[in-house]
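Report on the structure given below.
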Amino acid sequence: MGGEDARLRAVVSLAQAMAAAHTPRESWAAAALGAREALGGNFAALSVWERELGLLRVLVNEGERAFGEEEFPDGETYPVHQFPEITEFLHERWAGGGEPNAWVETATAPPGGDTGQGHVGVPPSGSWGRVAALRRRGRGCCVVAPIVLHGRAWGELYVARPVGAPIFDASDADFATVLASVVAAGIAQTERLEEVRRLAFTDPLTGLANRRAVDMRLDEAVERHRADGSVVSLVVCDLNGLKGVNDTLGHAVGDRLLERFGSVLSLCGAMLPGALAARLGGDEFCLLSVGPSADDVVRVGEQLCSRAGELELGEGVACGIASTGDPIGEVRSARRLFRLADAAQYRAKAARSAKPVVAGRDGEVLALAENPPTPPHDRRRFRGQR
């Protein structure tokens with residue numbers, strides 16, 4: 001009874017750890033650690049089966065890693081044909097219930113034929129590749145549990161013990177099957193949370209970041225600037241002529257213009273390492289850069305204006321830039337940087353400038369930021385909405 005209670009507690013602990021994970025990596029690590037502890041192993045791995053590439057890709061290695069094994073490997077993959085038991089799961093479906101059972105393999109299993117004690121819960125086709133891998137890495141046995149997600153084989157949970165430790169038995173294989181189901185539920189939850197986060201911080205039309213994402217990143221960037229002096233720059237641009245396109249050609253064409261400009265903004269943003277490209281709403285967009293110099297940001301702003309002017313529709317952009325790398329005074333808040341960039345953009349629009357207007361390099365921008373004009377009623381402005 002004590003053993004059953006311990007295993008029940010292990011299942012609950014695993015489920016709780018995965019529920020507390022905030023990122024896929026945290027979820028993978030919680031799955032491997034929880035399964036390793038539950039099964040009394042010294043090593044565990046979680047892998048995904050990439051059907052389109054015919055590969056088994058390792059997501060995390062947890063516990064006593066062998067030479068060359070990394071906790072979160074970038075490129076640890078194995079051709080599926082090395083593990084023939086996998087191929088028999090890849091195109092099966094378990095949507096109606098049930099799932100493949102886990103099995104055990106040992107380093108003493110002979111190649112081919114009846115493996116005797118070498119296998120417990122024999123898979124559809126034995127895999128000599130796994131036995132060789134156990135020997136190569138100094139492990140005595142392993143239990144492999146396929147993970148089923150959304151009715152399809154998703155990957156596998158692998159737990160090993162060292163040479164000399166007790167061999168996994170049939171009850172361990174059954175328990176590993178249960179653990180794989182818990183892991184599948186945890187992975188599904190993480191995927192849902194990731195999708196919710198993505199939607200919460202993404203503009204649905206352009207696929208760029210949205211205003212909420214900019215607010216969060218800009219607050220963090222200003223805090224970093226105050227802590228270590230990192231240069232923070234904000235490029236705010238207004239897409240000219242969108243209303244005319246909507247009125248004459250329809251909103252579907254206007255949406256295409258927004259999408260195309262979004263692509264231009266993304267392309268230019270890629271010139272600034274780590275920059276965030278976003279649609280603030282309506283016809284307003286921005287780039288947030290942390291690290292690159294003010295001059296680098298201005299050069300990208302000029303590229304942006306030039307490329308926007310080449311779009312088939314619209315009338316280019318009005319672009320304003322504010323950077324802590326320019327003489328704009330002390331920046332204590334995200335709101336101040338936003339007001340300066342917005343004021344520069346307002347001046348660029350009023351002057352019909354084909355190039356960016358830069359706060360600190362244009363004498364009127366600082367005054368505009370302190371005393372902004374009343375915006376037209378049909379334009380959504382963001383001045384002061386921090």
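Just so we're on the same page: first chain in the structure tokens is A, next is B, and so on; residues restart at 1 for each chain, and ligands are numbered from 1 in the order they show up.
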List the spatial neighbours of Leu56 in chain A as a ChimeraX atom specification - criterion: any atom at most 8 Å away, only C-alpha atoms, same-chain residues fewer than 3 positions off excluded. /A:47-50,77-80,155
Could those selected residues go to a file with all heavy atoms, as a compact mmCIF listing (two decimals), in the first residue's frame?
# COMPACT_ATOMS: atom_id res chain seq x y z
N SER A 47 11.46 13.74 -25.48
CA SER A 47 11.75 13.94 -26.90
C SER A 47 10.46 14.05 -27.69
O SER A 47 9.42 13.53 -27.29
CB SER A 47 12.58 12.76 -27.45
OG SER A 47 13.74 12.57 -26.68
N VAL A 48 10.55 14.73 -28.84
CA VAL A 48 9.39 14.89 -29.72
C VAL A 48 9.71 14.21 -31.05
O VAL A 48 10.85 14.24 -31.53
CB VAL A 48 9.05 16.38 -29.93
CG1 VAL A 48 10.20 17.14 -30.59
CG2 VAL A 48 7.76 16.53 -30.73
N TRP A 49 8.72 13.59 -31.65
CA TRP A 49 8.90 12.93 -32.93
C TRP A 49 8.51 13.91 -34.03
O TRP A 49 7.36 14.34 -34.13
CB TRP A 49 8.03 11.68 -33.02
CG TRP A 49 8.43 10.62 -32.04
CD1 TRP A 49 9.66 10.43 -31.51
CD2 TRP A 49 7.58 9.61 -31.47
NE1 TRP A 49 9.65 9.37 -30.64
CE2 TRP A 49 8.39 8.84 -30.60
CE3 TRP A 49 6.25 9.28 -31.62
CZ2 TRP A 49 7.89 7.77 -29.88
CZ3 TRP A 49 5.75 8.20 -30.90
CH2 TRP A 49 6.56 7.46 -30.04
N GLU A 50 9.47 14.28 -34.87
CA GLU A 50 9.23 15.21 -35.96
C GLU A 50 8.95 14.41 -37.23
O GLU A 50 9.87 13.99 -37.93
CB GLU A 50 10.42 16.14 -36.14
CG GLU A 50 10.67 17.02 -34.91
CD GLU A 50 11.80 18.01 -35.10
OE1 GLU A 50 12.68 17.77 -35.96
OE2 GLU A 50 11.81 19.03 -34.39
N THR A 77 19.41 14.97 -32.30
CA THR A 77 18.34 14.28 -33.01
C THR A 77 18.81 12.90 -33.44
O THR A 77 20.02 12.65 -33.57
CB THR A 77 17.91 15.06 -34.28
OG1 THR A 77 19.04 15.20 -35.15
CG2 THR A 77 17.38 16.45 -33.92
N TYR A 78 17.84 12.02 -33.68
CA TYR A 78 18.14 10.66 -34.10
C TYR A 78 17.16 10.27 -35.20
O TYR A 78 15.95 10.49 -35.06
CB TYR A 78 18.02 9.68 -32.93
CG TYR A 78 18.91 10.06 -31.76
CD1 TYR A 78 18.43 10.84 -30.72
CD2 TYR A 78 20.24 9.64 -31.73
CE1 TYR A 78 19.25 11.21 -29.65
CE2 TYR A 78 21.08 10.00 -30.66
CZ TYR A 78 20.57 10.79 -29.64
OH TYR A 78 21.38 11.16 -28.59
N PRO A 79 17.67 9.70 -36.31
CA PRO A 79 16.76 9.25 -37.37
C PRO A 79 15.78 8.21 -36.83
O PRO A 79 16.17 7.30 -36.10
CB PRO A 79 17.70 8.64 -38.42
CG PRO A 79 19.03 9.26 -38.14
CD PRO A 79 19.09 9.46 -36.66
N VAL A 80 14.54 8.35 -37.19
CA VAL A 80 13.50 7.46 -36.68
C VAL A 80 13.78 6.01 -37.06
O VAL A 80 13.46 5.09 -36.30
CB VAL A 80 12.12 7.91 -37.20
CG1 VAL A 80 11.06 6.87 -36.88
CG2 VAL A 80 11.74 9.24 -36.57
N GLY A 155 5.56 12.13 -28.92
CA GLY A 155 6.96 11.94 -28.58
C GLY A 155 7.11 10.85 -27.55
O GLY A 155 6.29 9.94 -27.48
Residues within 9 Å of Gly138 in chain A, please, as a VMD selection string. Count only C-alpha atoms; anything in the same chain fewer than 2 positions from it doesn't count. chain A and resid 66 107 133 to 136 140 162 to 163
Best match for closeness to Arg51 in chain A among A:Arg152, A:Arg256, A:His225, A:Lys349, counting only C-alpha atoms: A:Arg152
From range 291-340 of chain A, collect each residue whose DSSP state is alpha helix (DSSP H) and return the set as number ranges by chain. A: 294-309, 334-340
Keeping N, CA and C atoms, export the residues of the selection given above as a PDB file, in the first residue's frame.
ATOM      1  N   ALA A 294      21.886  55.595 -31.237  1.00  0.00           N
ATOM      2  CA  ALA A 294      20.857  56.459 -31.825  1.00  0.00           C
ATOM      3  C   ALA A 294      21.090  56.625 -33.322  1.00  0.00           C
ATOM      4  N   ASP A 295      22.365  56.752 -33.739  1.00  0.00           N
ATOM      5  CA  ASP A 295      22.664  56.905 -35.171  1.00  0.00           C
ATOM      6  C   ASP A 295      22.222  55.684 -35.959  1.00  0.00           C
ATOM      7  N   ASP A 296      22.441  54.477 -35.392  1.00  0.00           N
ATOM      8  CA  ASP A 296      22.003  53.258 -36.079  1.00  0.00           C
ATOM      9  C   ASP A 296      20.485  53.252 -36.241  1.00  0.00           C
ATOM     10  N   VAL A 297      19.778  53.672 -35.216  1.00  0.00           N
ATOM     11  CA  VAL A 297      18.319  53.691 -35.268  1.00  0.00           C
ATOM     12  C   VAL A 297      17.829  54.704 -36.295  1.00  0.00           C
ATOM     13  N   VAL A 298      18.478  55.856 -36.345  1.00  0.00           N
ATOM     14  CA  VAL A 298      18.083  56.871 -37.332  1.00  0.00           C
ATOM     15  C   VAL A 298      18.299  56.353 -38.748  1.00  0.00           C
ATOM     16  N   ARG A 299      19.418  55.657 -38.977  1.00  0.00           N
ATOM     17  CA  ARG A 299      19.655  55.099 -40.320  1.00  0.00           C
ATOM     18  C   ARG A 299      18.567  54.098 -40.692  1.00  0.00           C
ATOM     19  N   VAL A 300      18.143  53.271 -39.742  1.00  0.00           N
ATOM     20  CA  VAL A 300      17.057  52.326 -40.016  1.00  0.00           C
ATOM     21  C   VAL A 300      15.759  53.077 -40.267  1.00  0.00           C
ATOM     22  N   GLY A 301      15.522  54.162 -39.520  1.00  0.00           N
ATOM     23  CA  GLY A 301      14.337  54.982 -39.749  1.00  0.00           C
ATOM     24  C   GLY A 301      14.307  55.555 -41.148  1.00  0.00           C
ATOM     25  N   GLU A 302      15.469  55.961 -41.638  1.00  0.00           N
ATOM     26  CA  GLU A 302      15.546  56.488 -43.015  1.00  0.00           C
ATOM     27  C   GLU A 302      15.231  55.396 -44.034  1.00  0.00           C
ATOM     28  N   GLN A 303      15.748  54.186 -43.775  1.00  0.00           N
ATOM     29  CA  GLN A 303      15.424  53.043 -44.642  1.00  0.00           C
ATOM     30  C   GLN A 303      13.927  52.780 -44.639  1.00  0.00           C
ATOM     31  N   LEU A 304      13.337  52.863 -43.459  1.00  0.00           N
ATOM     32  CA  LEU A 304      11.906  52.602 -43.315  1.00  0.00           C
ATOM     33  C   LEU A 304      11.098  53.602 -44.131  1.00  0.00           C
ATOM     34  N   CYS A 305      11.447  54.878 -44.028  1.00  0.00           N
ATOM     35  CA  CYS A 305      10.729  55.905 -44.787  1.00  0.00           C
ATOM     36  C   CYS A 305      10.880  55.676 -46.292  1.00  0.00           C
ATOM     37  N   SER A 306      12.093  55.323 -46.710  1.00  0.00           N
ATOM     38  CA  SER A 306      12.347  55.099 -48.135  1.00  0.00           C
ATOM     39  C   SER A 306      11.547  53.917 -48.665  1.00  0.00           C
ATOM     40  N   ARG A 307      11.563  52.814 -47.936  1.00  0.00           N
ATOM     41  CA  ARG A 307      10.847  51.619 -48.391  1.00  0.00           C
ATOM     42  C   ARG A 307       9.330  51.825 -48.352  1.00  0.00           C
ATOM     43  N   ALA A 308       8.850  52.558 -47.340  1.00  0.00           N
ATOM     44  CA  ALA A 308       7.410  52.818 -47.260  1.00  0.00           C
ATOM     45  C   ALA A 308       6.948  53.675 -48.425  1.00  0.00           C
ATOM     46  N   GLY A 309       7.815  54.588 -48.867  1.00  0.00           N
ATOM     47  CA  GLY A 309       7.470  55.441 -50.000  1.00  0.00           C
ATOM     48  C   GLY A 309       7.381  54.685 -51.308  1.00  0.00           C
ATOM     49  N   ALA A 334       8.788  55.486 -19.277  1.00  0.00           N
ATOM     50  CA  ALA A 334       8.449  55.119 -20.649  1.00  0.00           C
ATOM     51  C   ALA A 334       7.558  56.191 -21.276  1.00  0.00           C
ATOM     52  N   ARG A 335       6.734  56.813 -20.459  1.00  0.00           N
ATOM     53  CA  ARG A 335       5.808  57.820 -20.974  1.00  0.00           C
ATOM     54  C   ARG A 335       6.555  58.974 -21.621  1.00  0.00           C
ATOM     55  N   ARG A 336       7.664  59.419 -21.000  1.00  0.00           N
ATOM     56  CA  ARG A 336       8.398  60.554 -21.564  1.00  0.00           C
ATOM     57  C   ARG A 336       8.975  60.195 -22.926  1.00  0.00           C
ATOM     58  N   LEU A 337       9.582  59.010 -23.049  1.00  0.00           N
ATOM     59  CA  LEU A 337      10.157  58.628 -24.338  1.00  0.00           C
ATOM     60  C   LEU A 337       9.072  58.521 -25.398  1.00  0.00           C
ATOM     61  N   PHE A 338       7.918  58.001 -25.014  1.00  0.00           N
ATOM     62  CA  PHE A 338       6.820  57.856 -25.965  1.00  0.00           C
ATOM     63  C   PHE A 338       6.315  59.231 -26.420  1.00  0.00           C
ATOM     64  N   ARG A 339       6.202  60.168 -25.484  1.00  0.00           N
ATOM     65  CA  ARG A 339       5.727  61.512 -25.842  1.00  0.00           C
ATOM     66  C   ARG A 339       6.694  62.190 -26.793  1.00  0.00           C
ATOM     67  N   LEU A 340       7.986  62.006 -26.561  1.00  0.00           N
ATOM     68  CA  LEU A 340       8.983  62.619 -27.438  1.00  0.00           C
ATOM     69  C   LEU A 340       8.931  62.026 -28.845  1.00  0.00           C
TER      70      LEU A 340
END
The residue from A:Gln82, A:Ser293, A:Thr177, A:Gln345 with the smallest atom-to-atom distance to Arg130 in chain A, counting only C-alpha atoms, is A:Gln82
Within 12 Å of range 197-199 of chain A, counting only C-alpha atoms, which residues show up once you throw out same-chain ones fewer than 4 positions away? Write them as a list of chain:residue names, please. A:His22, A:Thr23, A:Thr190, A:Glu191, A:Arg192, A:Leu193, A:Asp203, A:Pro204, A:Leu205, A:Gly207, A:Leu208, A:Ala209, A:Asn210, A:Arg212, A:Ala213
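Comparing the minimum interatomic distances between Val104 in chain A and each of A:Ala173, A:Ala153, A:Ala350, A:Val159, counting only C-alpha atoms, we find that A:Ala173 sits nearest.
Minimum distance to Ile328 in chain A across A:Arg211, A:Arg36, A:Arg361, A:Arg224 (counting only C-alpha atoms) occurs at A:Arg361.
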